[in-house]
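Undergrad: To be precise about what I am sending: the file is called query_32.tsv and holds TSV, C-alpha atoms and all ligand atoms.
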```
chain	number	residue	atom	x	y	z
A	1	MET	CA	0.00	0.00	0.00
A	2	ASN	CA	1.06	3.68	-0.25
A	3	TYR	CA	-0.11	7.05	1.09
A	4	SER	CA	-2.78	7.44	-1.59
A	5	GLU	CA	-4.79	4.51	-0.18
A	6	ILE	CA	-7.02	4.91	2.89
A	7	ARG	CA	-7.12	2.20	5.54
A	8	LYS	CA	-8.89	1.99	8.90
A	9	PHE	CA	-8.05	0.02	12.04
A	10	VAL	CA	-10.73	-1.10	14.50
A	11	ALA	CA	-9.97	-2.79	17.83
A	12	PRO	CA	-11.79	-3.29	21.12
A	13	GLU	CA	-10.48	-2.49	24.56
A	14	PHE	CA	-8.55	-5.49	25.83
A	15	LEU	CA	-6.88	-6.45	29.09
A	16	PHE	CA	-4.33	-9.22	29.28
A	17	GLY	CA	-2.59	-11.05	32.06
A	18	LYS	CA	-3.16	-13.69	34.72
A	19	ASP	CA	-6.67	-13.60	36.26
A	20	SER	CA	-7.90	-10.80	33.99
A	21	ARG	CA	-10.96	-13.06	33.46
A	22	LEU	CA	-12.16	-12.07	36.92
A	23	LEU	CA	-12.77	-8.44	35.90
A	24	ALA	CA	-15.90	-9.01	33.78
A	25	GLY	CA	-18.31	-8.17	36.63
A	26	ARG	CA	-16.66	-4.84	37.32
A	27	TYR	CA	-16.90	-3.84	33.66
A	28	PHE	CA	-20.58	-4.83	33.36
A	29	GLN	CA	-21.22	-2.72	36.46
A	30	ASN	CA	-19.55	0.21	34.72
A	31	TYR	CA	-21.82	-0.38	31.71
A	32	GLN	CA	-24.78	-0.14	34.18
A	33	ILE	CA	-25.88	-3.67	33.26
A	34	ARG	CA	-27.70	-5.85	35.81
A	35	GLN	CA	-28.86	-8.87	33.78
A	36	LEU	CA	-26.52	-10.91	31.57
A	37	LEU	CA	-26.51	-13.84	29.20
A	38	VAL	CA	-23.43	-16.01	29.70
A	39	VAL	CA	-22.64	-17.93	26.49
A	40	THR	CA	-20.29	-20.89	26.89
A	41	ASP	CA	-20.10	-24.64	26.15
A	42	PRO	CA	-20.20	-27.81	28.27
A	43	VAL	CA	-16.43	-28.39	28.15
A	44	VAL	CA	-15.53	-24.85	29.20
A	45	SER	CA	-18.14	-24.79	31.97
A	46	SER	CA	-16.57	-27.92	33.51
A	47	MET	CA	-13.13	-26.31	33.84
A	48	PRO	CA	-11.74	-25.56	37.32
A	49	TRP	CA	-11.28	-21.82	36.61
A	50	TYR	CA	-14.84	-21.32	35.31
A	51	ASN	CA	-16.76	-20.99	38.59
A	52	ALA	CA	-14.51	-18.18	39.82
A	53	ILE	CA	-15.81	-16.05	36.92
A	54	LEU	CA	-19.44	-16.62	37.94
A	55	MET	CA	-18.61	-15.94	41.59
A	56	GLU	CA	-17.19	-12.56	40.59
A	57	LEU	CA	-20.42	-11.79	38.71
A	58	ASN	CA	-22.35	-12.61	41.89
A	59	GLU	CA	-20.02	-10.38	43.92
A	60	ALA	CA	-20.74	-7.53	41.52
A	61	GLY	CA	-24.49	-8.00	42.11
A	62	LEU	CA	-25.21	-9.21	38.58
A	63	GLU	CA	-27.85	-11.72	37.60
A	64	TYR	CA	-27.26	-14.06	34.68
A	65	SER	CA	-28.69	-16.88	32.59
A	66	VAL	CA	-26.36	-19.43	31.01
A	67	PHE	CA	-26.64	-20.69	27.41
A	68	MET	CA	-24.26	-23.52	26.56
A	69	ASP	CA	-25.82	-25.37	23.60
A	70	VAL	CA	-23.06	-24.25	21.23
A	71	SER	CA	-21.49	-26.65	18.70
A	72	PRO	CA	-17.81	-26.51	17.69
A	73	ASN	CA	-18.97	-24.90	14.42
A	74	PRO	CA	-21.88	-22.80	15.78
A	75	LEU	CA	-25.22	-23.34	14.05
A	76	ASP	CA	-27.79	-20.79	12.89
A	77	ALA	CA	-30.43	-22.54	15.06
A	78	GLU	CA	-28.22	-22.22	18.15
A	79	VAL	CA	-27.92	-18.47	17.61
A	80	MET	CA	-31.71	-18.16	17.37
A	81	GLN	CA	-32.19	-20.36	20.45
A	82	GLY	CA	-29.71	-18.27	22.47
A	83	THR	CA	-31.54	-15.12	21.35
A	84	GLU	CA	-34.79	-16.48	22.80
A	85	ILE	CA	-33.10	-17.04	26.16
A	86	TYR	CA	-31.58	-13.54	26.05
A	87	ARG	CA	-34.98	-11.97	25.35
A	88	SER	CA	-37.04	-14.06	27.76
A	89	ASN	CA	-34.68	-13.16	30.62
A	90	ASN	CA	-34.57	-9.44	29.71
A	91	CYS	CA	-30.78	-9.55	29.38
A	92	GLN	CA	-28.87	-6.34	28.70
A	93	GLY	CA	-25.43	-7.68	27.76
A	94	ILE	CA	-23.49	-10.84	26.90
A	95	LEU	CA	-20.47	-12.52	28.47
A	96	ALA	CA	-18.86	-15.05	26.10
A	97	ILE	CA	-16.53	-17.58	27.75
A	98	GLY	CA	-15.03	-19.98	25.21
A	99	GLY	CA	-13.22	-20.42	21.92
A	100	GLY	CA	-14.08	-18.88	18.58
A	101	SER	CA	-17.30	-20.90	18.24
A	102	VAL	CA	-18.75	-19.64	21.52
A	103	ILE	CA	-17.73	-16.05	20.81
A	104	ASP	CA	-19.13	-16.18	17.25
A	105	CYS	CA	-22.42	-17.57	18.62
A	106	ALA	CA	-22.50	-14.75	21.22
A	107	LYS	CA	-21.93	-12.18	18.48
A	108	GLY	CA	-24.74	-13.79	16.47
A	109	ILE	CA	-27.11	-13.54	19.44
A	110	GLY	CA	-26.15	-9.88	19.83
A	111	ILE	CA	-26.81	-9.20	16.13
A	112	VAL	CA	-30.27	-10.81	16.18
A	113	CYS	CA	-31.25	-9.08	19.47
A	114	SER	CA	-30.42	-5.64	18.10
A	115	ASN	CA	-31.61	-6.07	14.53
A	116	SER	CA	-34.63	-8.42	14.87
A	117	SER	CA	-34.05	-10.66	11.87
A	118	HIS	CA	-32.77	-14.19	11.27
A	119	ILE	CA	-28.98	-14.50	11.67
A	120	LEU	CA	-28.47	-15.72	8.08
A	121	ASN	CA	-29.79	-12.40	6.76
A	122	PHE	CA	-26.58	-10.66	7.84
A	123	GLU	CA	-24.15	-12.58	5.63
A	124	GLY	CA	-21.39	-10.51	4.00
A	125	VAL	CA	-19.63	-7.23	4.70
A	126	ASP	CA	-21.31	-4.31	6.52
A	127	GLN	CA	-24.83	-5.75	6.53
A	128	ILE	CA	-25.61	-4.82	10.17
A	129	ASP	CA	-27.40	-1.53	10.94
A	130	THR	CA	-27.58	-1.55	14.75
A	131	PRO	CA	-24.69	-2.40	17.11
A	132	THR	CA	-24.97	-5.42	19.39
A	133	PRO	CA	-25.61	-5.00	23.12
A	134	PRO	CA	-22.36	-4.87	25.15
A	135	ILE	CA	-20.29	-8.04	24.69
A	136	ILE	CA	-17.35	-9.00	26.90
A	137	CYS	CA	-15.25	-11.99	25.82
A	138	ILE	CA	-12.99	-14.32	27.74
A	139	PRO	CA	-11.22	-16.34	24.99
A	140	THR	CA	-10.22	-19.86	26.02
A	141	THR	CA	-8.16	-20.76	22.95
A	142	ALA	CA	-5.13	-18.99	21.49
A	143	GLY	CA	-6.22	-18.96	17.87
A	144	ALA	CA	-9.57	-17.68	16.69
A	145	SER	CA	-9.25	-14.15	18.14
A	146	ALA	CA	-12.98	-13.65	17.67
A	147	ASP	CA	-12.70	-11.59	20.87
A	148	VAL	CA	-11.00	-8.75	18.97
A	149	SER	CA	-12.31	-9.25	15.43
A	150	GLN	CA	-15.03	-7.88	13.15
A	151	PHE	CA	-15.86	-11.44	12.03
A	152	ALA	CA	-18.50	-13.99	13.05
A	153	ILE	CA	-18.76	-17.36	11.27
A	154	ILE	CA	-22.08	-19.23	11.56
A	155	ARG	CA	-22.98	-22.60	9.98
A	156	ASP	CA	-26.03	-22.61	7.70
A	157	THR	CA	-27.60	-25.99	8.47
A	158	GLN	CA	-29.81	-26.03	5.35
A	159	LYS	CA	-27.13	-25.23	2.78
A	160	LEU	CA	-24.28	-26.91	4.73
A	161	LYS	CA	-22.00	-23.92	4.41
A	162	LYS	CA	-20.46	-21.38	6.74
A	163	VAL	CA	-21.72	-17.83	6.53
A	164	ALA	CA	-19.17	-15.07	7.16
A	165	ILE	CA	-20.56	-11.94	8.82
A	166	ILE	CA	-18.09	-9.04	8.81
A	167	SER	CA	-18.89	-5.69	10.41
A	168	LYS	CA	-17.37	-3.28	12.92
A	169	MET	CA	-20.75	-3.47	14.68
A	170	ILE	CA	-19.70	-6.86	16.09
A	171	VAL	CA	-16.30	-5.95	17.49
A	172	PRO	CA	-16.77	-6.87	21.18
A	173	ASP	CA	-16.59	-4.11	23.79
A	174	LEU	CA	-13.90	-5.80	25.86
A	175	ALA	CA	-11.62	-8.85	25.71
A	176	LEU	CA	-10.18	-10.29	28.93
A	177	ILE	CA	-7.17	-12.30	27.77
A	178	ASP	CA	-6.08	-14.63	30.56
A	179	PRO	CA	-3.46	-17.36	29.92
A	180	ILE	CA	-4.80	-19.41	32.85
A	181	VAL	CA	-7.83	-20.48	30.81
A	182	THR	CA	-5.88	-21.94	27.86
A	183	GLN	CA	-3.94	-24.38	30.05
A	184	THR	CA	-6.71	-26.94	29.85
A	185	MET	CA	-6.61	-27.29	26.03
A	186	ASP	CA	-5.39	-30.70	24.85
A	187	PRO	CA	-2.35	-30.94	22.50
A	188	TYR	CA	-4.32	-31.36	19.26
A	189	LEU	CA	-6.69	-28.45	19.99
A	190	THR	CA	-3.67	-26.34	21.00
A	191	ALA	CA	-1.97	-27.18	17.68
A	192	CYS	CA	-5.10	-26.57	15.55
A	193	THR	CA	-5.93	-23.23	17.16
A	194	GLY	CA	-2.27	-22.16	17.04
A	195	ILE	CA	-2.04	-22.89	13.30
A	196	ASP	CA	-5.34	-21.02	12.81
A	197	ALA	CA	-3.66	-17.97	14.39
A	198	LEU	CA	-0.58	-18.44	12.18
A	199	THR	CA	-2.83	-18.60	9.11
A	200	HIS	CA	-4.56	-15.37	10.20
A	201	ALA	CA	-1.17	-13.65	10.37
A	202	ILE	CA	0.13	-14.94	7.02
A	203	GLU	CA	-3.13	-14.29	5.14
A	204	ALA	CA	-3.39	-10.78	6.65
A	205	PHE	CA	0.22	-10.03	5.67
A	206	VAL	CA	-0.30	-10.92	2.00
A	207	SER	CA	-3.92	-9.62	1.85
A	208	THR	CA	-4.74	-6.90	-0.68
A	209	GLY	CA	-6.28	-5.04	2.29
A	210	HIS	CA	-3.08	-4.94	4.35
A	211	SER	CA	-1.61	-1.73	5.78
A	212	ILE	CA	1.54	-0.73	7.68
A	213	ILE	CA	-0.40	-1.13	10.94
A	214	THR	CA	-1.65	-4.63	10.11
A	215	ASP	CA	1.75	-5.64	8.68
A	216	ASN	CA	3.43	-4.91	12.02
A	217	ARG	CA	0.79	-6.87	13.90
A	218	ALA	CA	1.07	-9.81	11.46
A	219	MET	CA	4.88	-9.99	11.62
A	220	ASN	CA	4.84	-9.90	15.43
A	221	ALA	CA	2.26	-12.68	15.37
A	222	ILE	CA	4.30	-14.94	13.09
A	223	ASP	CA	7.40	-14.36	15.22
A	224	LEU	CA	5.57	-15.25	18.47
A	225	ILE	CA	3.64	-18.24	17.13
A	226	VAL	CA	6.59	-19.93	15.40
A	227	GLU	CA	8.65	-19.57	18.59
A	228	TYR	CA	6.04	-20.39	21.23
A	229	LEU	CA	3.63	-22.93	19.72
A	230	PRO	CA	6.32	-25.69	19.79
A	231	LYS	CA	7.17	-24.67	23.39
A	232	VAL	CA	3.54	-24.97	24.50
A	233	LEU	CA	3.21	-28.37	22.83
A	234	LYS	CA	6.41	-29.54	24.53
A	235	ASP	CA	5.03	-28.57	27.96
A	236	LEU	CA	1.28	-27.89	28.07
A	237	THR	CA	1.61	-26.38	31.55
A	238	ASP	CA	4.21	-23.77	30.48
A	239	ILE	CA	2.21	-20.68	31.43
A	240	ASP	CA	4.80	-18.27	30.01
A	241	ALA	CA	4.65	-19.99	26.61
A	242	ARG	CA	0.82	-20.03	26.81
A	243	PHE	CA	0.84	-16.30	27.51
A	244	HIS	CA	3.08	-15.59	24.51
A	245	MET	CA	0.84	-17.75	22.29
A	246	MET	CA	-2.13	-15.66	23.41
A	247	MET	CA	-0.17	-12.53	22.47
A	248	GLY	CA	0.61	-14.08	19.08
A	249	SER	CA	-3.04	-14.88	18.57
A	250	LEU	CA	-4.05	-11.37	19.66
A	251	GLU	CA	-1.59	-9.76	17.22
A	252	ALA	CA	-2.83	-12.04	14.42
A	253	GLY	CA	-6.44	-11.19	15.31
A	254	LEU	CA	-5.83	-7.44	15.15
A	255	ALA	CA	-4.11	-7.95	11.78
A	256	PHE	CA	-6.75	-10.11	10.09
A	257	SER	CA	-9.74	-8.29	11.55
A	258	ASN	CA	-8.57	-5.19	9.68
A	259	ALA	CA	-6.71	-6.58	6.64
A	260	SER	CA	-9.11	-9.53	6.15
A	261	LEU	CA	-8.01	-12.97	5.01
A	262	GLY	CA	-7.67	-15.00	1.81
A	263	ALA	CA	-8.13	-18.29	-0.02
A	264	VAL	CA	-7.15	-20.54	2.92
A	265	HIS	CA	-10.02	-19.25	5.02
A	266	ALA	CA	-12.46	-19.16	2.09
A	267	MET	CA	-11.82	-22.89	1.48
A	268	ALA	CA	-11.70	-23.75	5.20
A	269	HIS	CA	-15.14	-22.18	5.65
A	270	SER	CA	-16.47	-24.16	2.70
A	271	LEU	CA	-15.02	-27.47	3.98
A	272	GLY	CA	-15.99	-26.83	7.59
A	273	GLY	CA	-19.50	-25.85	6.58
A	274	TYR	CA	-20.11	-29.00	4.55
A	275	TYR	CA	-18.22	-31.61	6.56
A	276	ASN	CA	-18.22	-29.96	10.02
A	277	LEU	CA	-14.42	-30.28	10.16
A	278	ALA	CA	-12.30	-28.44	12.75
A	279	HIS	CA	-11.43	-24.98	11.44
A	280	GLY	CA	-7.76	-24.93	12.45
A	281	GLU	CA	-7.22	-28.39	11.02
A	282	CYS	CA	-8.62	-27.26	7.63
A	283	ASN	CA	-6.34	-24.20	7.62
A	284	SER	CA	-3.34	-26.28	8.51
A	285	ILE	CA	-3.87	-28.70	5.63
A	286	LEU	CA	-4.49	-25.88	3.12
A	287	LEU	CA	-1.85	-23.35	4.17
A	288	HIS	CA	1.30	-24.44	2.31
A	289	HIS	CA	-0.61	-25.42	-0.84
A	290	THR	CA	-2.18	-21.96	-0.94
A	291	ILE	CA	1.17	-20.23	-0.39
A	292	ASN	CA	2.44	-22.20	-3.41
A	293	TYR	CA	-0.55	-20.97	-5.46
A	294	ASN	CA	-0.26	-17.32	-4.35
A	295	PHE	CA	3.51	-17.05	-4.38
A	296	ASN	CA	4.17	-15.25	-7.67
A	297	ALA	CA	1.53	-12.58	-6.98
A	298	VAL	CA	3.31	-11.30	-3.85
A	299	GLU	CA	6.81	-12.77	-3.87
A	300	GLU	CA	8.36	-9.78	-2.04
A	301	ARG	CA	5.92	-10.17	0.86
A	302	TYR	CA	6.54	-13.90	1.20
A	303	LYS	CA	10.28	-13.13	1.17
A	304	LYS	CA	9.75	-11.19	4.43
A	305	ILE	CA	8.03	-14.19	6.04
A	306	MET	CA	10.73	-16.71	5.05
A	307	PRO	CA	13.26	-15.93	7.86
A	308	TYR	CA	10.76	-16.97	10.56
A	309	PHE	CA	10.64	-20.49	9.10
A	310	SER	CA	14.37	-20.91	8.38
A	311	ASP	CA	14.77	-23.51	11.15
A	312	TYR	CA	12.21	-25.70	9.41
A	313	ILE	CA	13.92	-26.02	6.00
A	314	THR	CA	15.01	-29.64	5.77
A	315	ASN	CA	16.48	-29.79	2.25
A	316	PRO	CA	17.28	-26.20	1.20
A	317	THR	CA	17.09	-25.61	-2.55
A	318	GLY	CA	17.82	-21.88	-2.66
A	319	ASN	CA	14.49	-21.43	-4.44
A	320	LEU	CA	12.43	-19.16	-2.19
A	321	ARG	CA	9.07	-20.58	-3.24
A	322	THR	CA	10.08	-24.20	-2.74
A	323	ASP	CA	11.85	-23.53	0.56
A	324	LEU	CA	8.99	-21.47	2.01
A	325	VAL	CA	6.30	-23.98	1.02
A	326	ASN	CA	8.34	-26.88	2.43
A	327	SER	CA	9.28	-25.12	5.66
A	328	VAL	CA	5.70	-24.01	6.40
A	329	HIS	CA	4.55	-27.57	5.72
A	330	ASN	CA	7.28	-28.93	8.01
A	331	PHE	CA	6.27	-26.51	10.74
A	332	THR	CA	2.58	-27.48	10.67
A	333	ALA	CA	3.44	-31.20	10.43
A	334	LYS	CA	5.77	-30.93	13.44
A	335	GLN	CA	2.89	-29.51	15.48
A	336	GLY	CA	1.10	-32.80	14.84
A	337	ILE	CA	-1.27	-31.98	11.95
A	338	LYS	CA	-0.24	-34.21	9.08
A	339	SER	CA	-3.06	-35.80	7.18
A	340	GLY	CA	-4.98	-34.55	4.14
A	341	PHE	CA	-8.71	-34.16	3.50
A	342	GLY	CA	-8.98	-37.65	2.02
A	343	ASP	CA	-8.43	-39.01	5.54
A	344	LYS	CA	-11.14	-36.70	6.87
A	345	GLY	CA	-13.88	-38.18	4.71
A	346	VAL	CA	-13.87	-35.47	2.02
A	347	SER	CA	-15.06	-36.81	-1.34
A	348	SER	CA	-13.19	-35.85	-4.53
A	349	ASP	CA	-16.55	-35.63	-6.32
A	350	LEU	CA	-17.54	-32.70	-4.13
A	351	LEU	CA	-14.45	-30.55	-4.72
A	352	PRO	CA	-16.09	-28.44	-7.48
A	353	HIS	CA	-19.01	-27.68	-5.15
A	354	LEU	CA	-16.64	-26.82	-2.29
A	355	ALA	CA	-14.54	-24.61	-4.58
A	356	LYS	CA	-17.69	-22.82	-5.78
A	357	ASN	CA	-18.76	-22.06	-2.20
A	358	ALA	CA	-15.24	-20.84	-1.39
A	359	LEU	CA	-15.36	-18.49	-4.37
A	360	ASN	CA	-18.48	-16.88	-2.84
A	361	ASP	CA	-16.89	-16.44	0.61
A	362	PRO	CA	-16.02	-12.80	1.49
A	363	CYS	CA	-12.48	-13.87	2.47
A	364	ILE	CA	-11.58	-14.63	-1.16
A	365	VAL	CA	-11.94	-10.94	-2.08
A	366	THR	CA	-8.62	-9.97	-0.46
A	367	ASN	CA	-6.61	-13.00	-1.62
A	368	PRO	CA	-3.45	-11.65	-3.32
A	369	ARG	CA	-4.05	-13.66	-6.51
A	370	ASP	CA	-7.39	-13.51	-8.31
A	371	ALA	CA	-8.77	-17.03	-8.24
A	372	VAL	CA	-11.27	-18.77	-10.49
A	373	GLN	CA	-13.12	-21.94	-9.50
A	374	ARG	CA	-10.64	-24.26	-11.21
A	375	ASP	CA	-7.73	-22.72	-9.24
A	376	LEU	CA	-9.41	-23.55	-5.94
A	377	GLU	CA	-10.33	-27.03	-7.16
A	378	VAL	CA	-6.63	-27.68	-7.87
A	379	ILE	CA	-5.57	-26.50	-4.37
A	380	LEU	CA	-8.26	-28.74	-2.85
A	381	GLU	CA	-7.11	-31.69	-4.97
A	382	GLU	CA	-3.52	-31.14	-3.79
A	383	SER	CA	-4.79	-31.05	-0.18
A	384	MET	CA	-6.51	-34.45	-0.39
A	401	FE	FE	-9.47	-18.66	11.35
```
Would you mind writing the file's structure down as structure tokens?
TA:
Amino acid sequence: MNYSEIRKFVAPEFLFGKDSRLLAGRYFQNYQIRQLLVVTDPVVSSMPWYNAILMELNEAGLEYSVFMDVSPNPLDAEVMQGTEIYRSNNCQGILAIGGGSVIDCAKGIGIVCSNSSHILNFEGVDQIDTPTPPIICIPTTAGASADVSQFAIIRDTQKLKKVAIISKMIVPDLALIDPIVTQTMDPYLTACTGIDALTHAIEAFVSTGHSIITDNRAMNAIDLIVEYLPKVLKDLTDIDARFHMMMGSLEAGLAFSNASLGAVHAMAHSLGGYYNLAHGECNSILLHHTINYNFNAVEERYKKIMPYFSDYITNPTGNLRTDLVNSVHNFTAKQGIKSGFGDKGVSSDLLPHLAKNALNDPCIVTNPRDAVQRDLEVILEESM
């Protein structure tokens, strides 16, 4: 980009550090809110650190209802069901405690409450007229960064696709980023969410919507994630490494929320929508194939990413494209995500349909290379 192009940068207030999760009650008090909807899921609500959050809400004199029927890829029906609970309990704000799925569902509930229409009617960019009620997020994974982003991804159960909703109206009011809550993630979820964050950073860095501000965020994110994801996976209780992964995810979230994403996410949404596959796993399988496809369009930008992966080049060729693709693949494989979509039950016959849906996803708009359906079909074939 240069000075003749205008860019904007939107971010919520965020607090980070140990036990920051316990400050939600105080903030809702400041917002003059008395009645809350807590959105979470059964796994999160069984964690040892969860009850302390609710106790702090009680201490602050707040009343709350809990909605926890949220799937790993949140469904349109779940958003509408949560909205009913919000309305029937006269709630005034939302506390989301969970990963990207929980936070996206909470955003969806907020959208429907303020705009009185079915959640699927808000697909696309800037389709929301009225801001959501106040939303505070406590993210429990270091990956999705839905707690700082303008994005919500909801699964359309009729059409079996994911709907991307992108608007500054759904940037949460506050994120409480507490490394204590990520300690309970298992190794595979840690790897998948970490590679999701890495994909956010790389796609934001090469996005046609990037800016100097998002570039700095993206580079910091890549630096932190490549260093600290292996450390977390080596010792899941390493709280310092967990904290740095959360910072990497935060930096990546600020970058992609403002620069948007690219073909990896467009295809991951299509695959996840149809087959209900884990989002980070889809990104991980697609990432190096998509870098190979995009490379010539933005070679200079990929050149800046290469040094972060230099420790993962196994057979250096001196060819930047080959070395970058191989080292990114080696990095994701070393985090434990190795297989292709064929092993996940994806049918080759459906690749044209999946590519077509990906081509209609808003994330494809900022991919650095203009793609046609056949291009995406080829990347999907390579990822089988
Ligand atoms: Fe993502």
Undergrad: Give me the chain A side of the contact with ligand FE 401 (chain A), cut-off 8 Å, one line per residue showing its nearest atom pair and distance in Å at one decimal, counting only C-alpha atoms and all ligand atoms, sorted by chain and residue number, as a Markdown table.
TA:
```
| residue | atom | partner | partner_atom | distance |
| --- | --- | --- | --- | --- |
| A:Gly143 | CA | A:FE401 | FE | 7.3 |
| A:Ala144 | CA | A:FE401 | FE | 5.4 |
| A:Asp196 | CA | A:FE401 | FE | 5.0 |
| A:Ala197 | CA | A:FE401 | FE | 6.6 |
| A:Thr199 | CA | A:FE401 | FE | 7.0 |
| A:His200 | CA | A:FE401 | FE | 6.0 |
| A:His265 | CA | A:FE401 | FE | 6.4 |
| A:His279 | CA | A:FE401 | FE | 6.6 |
| A:Gly280 | CA | A:FE401 | FE | 6.6 |
| A:Asn283 | CA | A:FE401 | FE | 7.4 |
```
Undergrad: Hey, which bits of range 170-253 of chain A sit within 10 Å of range 297-313 of chain A, and for each residue what's the closest pair of atoms and how far apart in Å (one decimal), counting only C-alpha atoms, rows by chain and increasing number, as a tab-separated table?
TA:
```
residue	atom	partner	partner_atom	distance
A:Ile202	CA	A:Ile305	CA	8.0
A:Phe205	CA	A:Arg301	CA	7.5
A:Val206	CA	A:Arg301	CA	6.4
A:Ser207	CA	A:Val298	CA	9.4
A:Thr208	CA	A:Val298	CA	9.7
A:Asp215	CA	A:Arg301	CA	10.0
A:Ala218	CA	A:Ile305	CA	9.8
A:Met219	CA	A:Ile305	CA	7.7
A:Ile222	CA	A:Tyr308	CA	7.2
A:Asp223	CA	A:Tyr308	CA	6.3
A:Leu224	CA	A:Tyr308	CA	9.6
A:Ile225	CA	A:Tyr308	CA	9.8
A:Val226	CA	A:Tyr308	CA	7.0
A:Glu227	CA	A:Tyr308	CA	8.7
```
Undergrad: Distance CA of Val102 in chain A-CA of Ile239 in chain A, one decimal place?
TA: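 Answer for the CA of Val102 in chain A to CA of Ile239 in chain A separation: 23.2 Å.
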Undergrad: Skipping near chain neighbours, those fewer than 3 positions away, what residues fall within 10 Å of Asn258 in chain A using all atoms listed in the file, listed as a ChimeraX atom specification?
TA: /A:7-11,149-151,168,204,209-211,213-214,253-255,261
Undergrad: Looking at only C-alpha atoms, which of A:Arg34, A:Arg242, A:Arg21, A:Arg26 is the one that sits closest to Gly98 in chain A?
TA: A:Arg21
Undergrad: Can you measure CA of Asp349 in chain A to CA of Ala77 in chain A for me? One decimal in Å is fine.
TA: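 Answer for the CA of Asp349 in chain A to CA of Ala77 in chain A separation: 28.7 Å.
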Undergrad: May I have the residues at most 10 Å from (-12.6, -32.7, 6.9) in the file's coordinates, counting all atoms listed in the file, as a list of chain:residue names?
TA: A:Ala268, A:Leu271, A:Gly272, A:Gly273, A:Tyr274, A:Tyr275, A:Asn276, A:Leu277, A:Ala278, A:His279, A:Glu281, A:Cys282, A:Ile285, A:Gly340, A:Phe341, A:Gly342, A:Asp343, A:Lys344, A:Gly345, A:Val346, A:Ser347, A:Met384
Undergrad: Please dump the current selection as a PDB file, in the coordinates of the input; keep C-alpha atoms.
TA:
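Written output follows (out.pdb):
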```pdb
ATOM      1  CA  ALA A 268     -11.700 -23.750   5.200  1.00  0.00           C
ATOM      2  CA  LEU A 271     -15.020 -27.470   3.980  1.00  0.00           C
ATOM      3  CA  GLY A 272     -15.990 -26.830   7.590  1.00  0.00           C
ATOM      4  CA  GLY A 273     -19.500 -25.850   6.580  1.00  0.00           C
ATOM      5  CA  TYR A 274     -20.110 -29.000   4.550  1.00  0.00           C
ATOM      6  CA  TYR A 275     -18.220 -31.610   6.560  1.00  0.00           C
ATOM      7  CA  ASN A 276     -18.220 -29.960  10.020  1.00  0.00           C
ATOM      8  CA  LEU A 277     -14.420 -30.280  10.160  1.00  0.00           C
ATOM      9  CA  ALA A 278     -12.300 -28.440  12.750  1.00  0.00           C
ATOM     10  CA  HIS A 279     -11.430 -24.980  11.440  1.00  0.00           C
ATOM     11  CA  GLU A 281      -7.220 -28.390  11.020  1.00  0.00           C
ATOM     12  CA  CYS A 282      -8.620 -27.260   7.630  1.00  0.00           C
ATOM     13  CA  ILE A 285      -3.870 -28.700   5.630  1.00  0.00           C
ATOM     14  CA  GLY A 340      -4.980 -34.550   4.140  1.00  0.00           C
ATOM     15  CA  PHE A 341      -8.710 -34.160   3.500  1.00  0.00           C
ATOM     16  CA  GLY A 342      -8.980 -37.650   2.020  1.00  0.00           C
ATOM     17  CA  ASP A 343      -8.430 -39.010   5.540  1.00  0.00           C
ATOM     18  CA  LYS A 344     -11.140 -36.700   6.870  1.00  0.00           C
ATOM     19  CA  GLY A 345     -13.880 -38.180   4.710  1.00  0.00           C
ATOM     20  CA  VAL A 346     -13.870 -35.470   2.020  1.00  0.00           C
ATOM     21  CA  SER A 347     -15.060 -36.810  -1.340  1.00  0.00           C
ATOM     22  CA  MET A 384      -6.510 -34.450  -0.390  1.00  0.00           C
TER      23      MET A 384
END
```
Undergrad: Interatomic distance between CA of Asn357 in chain A and CA of Phe122 in chain A?
TA: 17.1 Å
Undergrad: A:Met47, A:Ile103, A:Met267, A:Leu95: which is nearest Lys161 in chain A, counting only C-alpha atoms?
TA: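 Looking only at the distances to Lys161 in chain A, the closest residue turns out to be A:Met267.
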Undergrad: So, with all atoms listed in the file as the atoms that count, which of A:Asn89, A:Ser114, A:Gln35, A:Thr140 lies closest to Tyr50 in chain A?
TA: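 Among A:Asn89, A:Ser114, A:Gln35, A:Thr140, it is A:Thr140 that comes nearest to Tyr50 in chain A.
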Undergrad: Could you check the closest approach to Cys192 in chain A for each of A:Thr332, A:Ser71, A:Ser101, A:Asn326 and tell me which residue wins, using only C-alpha atoms?
TA: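 Of all the options, A:Thr332 lies closest to Cys192 in chain A.
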Undergrad: Do a neighbour search on range 59-67 of chain A at 6 Å with only C-alpha atoms, toss out local chain neighbours closer than 2 positions, and write the hits as a count of residues only.
TA: 9
